[in-house]
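Data first, discussion second: the structure below is written as structure tokens.
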Amino acid sequence: MPARRSTAATLLTIAVAGAALAGCSKKDDAASADAVKVTASDSACEVAKTSFPAGAVELSVQNKGSKSTEVYVYAAGDKIVTERENIGPGTTVSIHAEIKAGEYEIACKPGMTGDGIRQKITVTGGAAPAAKADPRLAAAVEAYRKYAQEQADATIPVVTQFAEAVKAGDTEKAKSLFAASRVGWERTEPIAESFGDIDPKTDTREDSLEAGQQWTGWHKIEKSLWADGKITDDDKKLADQLVTDLKDWQSRIAKAEITPTSMANGAKELLDEVSKNKITGEEDRYSHTDLSDFAANVDGAEKAYELLKPVASEKDAALAKTLDTEFAAIKVLLGKYKQGEAYTSYDKITEPERKAFSDAVNSLGEPLSKLAAAVVVTG
């Protein structure tokens with residue numbers, strides 16, 4: 001699970017997402033004349049307009065501070081609506097989104113820590129237009145929903161087998177099914193926030209737990225299987241709960257809030273998480289099945305791009321060509337470590353090889369950050 005999603009505990013009814021852009025980017029985003037300017041520093045978060053209409057919104061964020069910063073848009077109860085991480089000193093980035101009417105807060109987090117310096121904003125008017133400007137975008141959303149449903153439907157039988165092995169105390173069989181049981185979930189992570197509290201229930205790592213949160217899901221069982229070498233009675237109960245929670249995920253997909261920008265930005269945010277955290281091996285730290293997760297993440301991100309490509313390529317043919325090249329390159333790299341259905345154990349991957357993965361993800365992430373702008377609905 002991306003740590004950035006651990007607080008997304010309830011299903012938002014807000015059709016919005018923001019793409020993360022690495023702070024080391026050498027090129028600032030080009031903002032439109034209508035963009036809402038946000039000026040971040042080490043001690044301030046200044047929003048040029050605190051009220052603007054619902055619909056297609058662009059935030060142009062300039063970091064004038066000495067530290068890398070993050071910018072979040074929060075709904076009531078600190079529900080994360082969108083975020084942008086790793087905005088380096090002296091850089092300007094753009095966030096494209098479709099936002100419904102309501103009350104929000106924009107938070108700047110210098111040093112990328114704490115609750116942030118906050119500014120209240122009001123988004124006025126009715127609902128944001130839902131891709132009605134181009135029927136191909138509406139079709140892309142429904143195609144991705146179908147893809148997510150297929151992934152969930154395929155996951156349930158495998159995770160049920162995994163749970164049965166855990167309950168039977170069959171450690172080796174459970175280990176053999178662990179990575180496969182996660183593939184469908186990892187492929188749909190670009191839109192994980194639309195599934196509400198399923199992510200923290202099923203995919204939280206121990207050091208990502210919030211105060212008072214019980215540790216449940218894959219990684220708790222993973223620790224027992226590989227680190228502890230034994231299955232406890234509690235693990236057997238958690239195995240049943242994992243199946244229940246994933247069946248809940250399966251049932252939520254039909255009504256999940258998905259938009260073209262949430263597909264594009266979610267894919268970018270996920271690959272940023274791979275580059276920033278997952279690449280270190282902290283995701284599957286006991287089983288070392290990380291490459292299976294990486295490949296599934298790339299599959300899900302590429303699916304989102306392929307569905308949006310017909311519109312994006314018309315607006316920015318060069319961007320589409322670059323994305324085609326970068327997706328192909330990272331898949332070739334992953335393929336070097338696959339034998340049959342299994343990937344090389346991540347603890348066998350050297351530091352230079354990990355850097356090669358990180359470089360490949362970053363090379364894909366930079367152009368992917370522009371995909372939302374190429375499909376955003378403007379009227």
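Chain labels run A, B, ... following the order of the structure tokens; each chain numbers its residues from 1, and ligands are numbered from 1 in the order shown.
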
*Out of range 196-264 of chain A, which residues get helix (DSSP H, G or I) from DSSP, as a PyMOL selection string?*
chain A and resi 198-202+206-208+218-228+233-255+260-264

Using only C-alpha atoms, find each residue of range 88-170 of chain A with at least one atom at most 8 Å away from an atom of range 301-316 of chain A; report its shortest atom-to-atom pair and that distance in Å (one decimal), sort the rows by chain and rising residue number, and return the result as JSON lines.
```
{"residue": "A:Arg136", "atom": "CA", "partner": "A:Val311", "partner_atom": "CA", "distance": 7.3}
{"residue": "A:Leu137", "atom": "CA", "partner": "A:Leu308", "partner_atom": "CA", "distance": 6.8}
{"residue": "A:Ala140", "atom": "CA", "partner": "A:Leu307", "partner_atom": "CA", "distance": 5.1}
{"residue": "A:Ala143", "atom": "CA", "partner": "A:Leu307", "partner_atom": "CA", "distance": 7.4}
{"residue": "A:Tyr144", "atom": "CA", "partner": "A:Ala304", "partner_atom": "CA", "distance": 6.7}
```

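For the choices A:Gly116, A:Pro89, A:Pro190, A:Gly184, the atom-to-atom distance to Leu270 in chain A is smallest for A:Pro190 when using only C-alpha atoms.
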
Kindly assemble as a tab-separated table a list of the range 46-85 of chain A residues that lie within 12 Å of range 191-195 of chain A, each paired with its nearest atom pair and their distance in Å to one decimal, using only C-alpha atoms, sorted first by chain and then by ascending residue number.
```
residue	atom	partner	partner_atom	distance
A:Lys79	CA	A:Glu193	CA	10.1
A:Ile80	CA	A:Glu193	CA	8.7
A:Val81	CA	A:Glu193	CA	8.9
A:Thr82	CA	A:Glu193	CA	9.7
A:Glu83	CA	A:Glu193	CA	11.8
```

*What lies within 9 Å of Ile106 in chain A using only C-alpha atoms, ignoring chain neighbours under 2 positions off, as a count of residues only?*
15
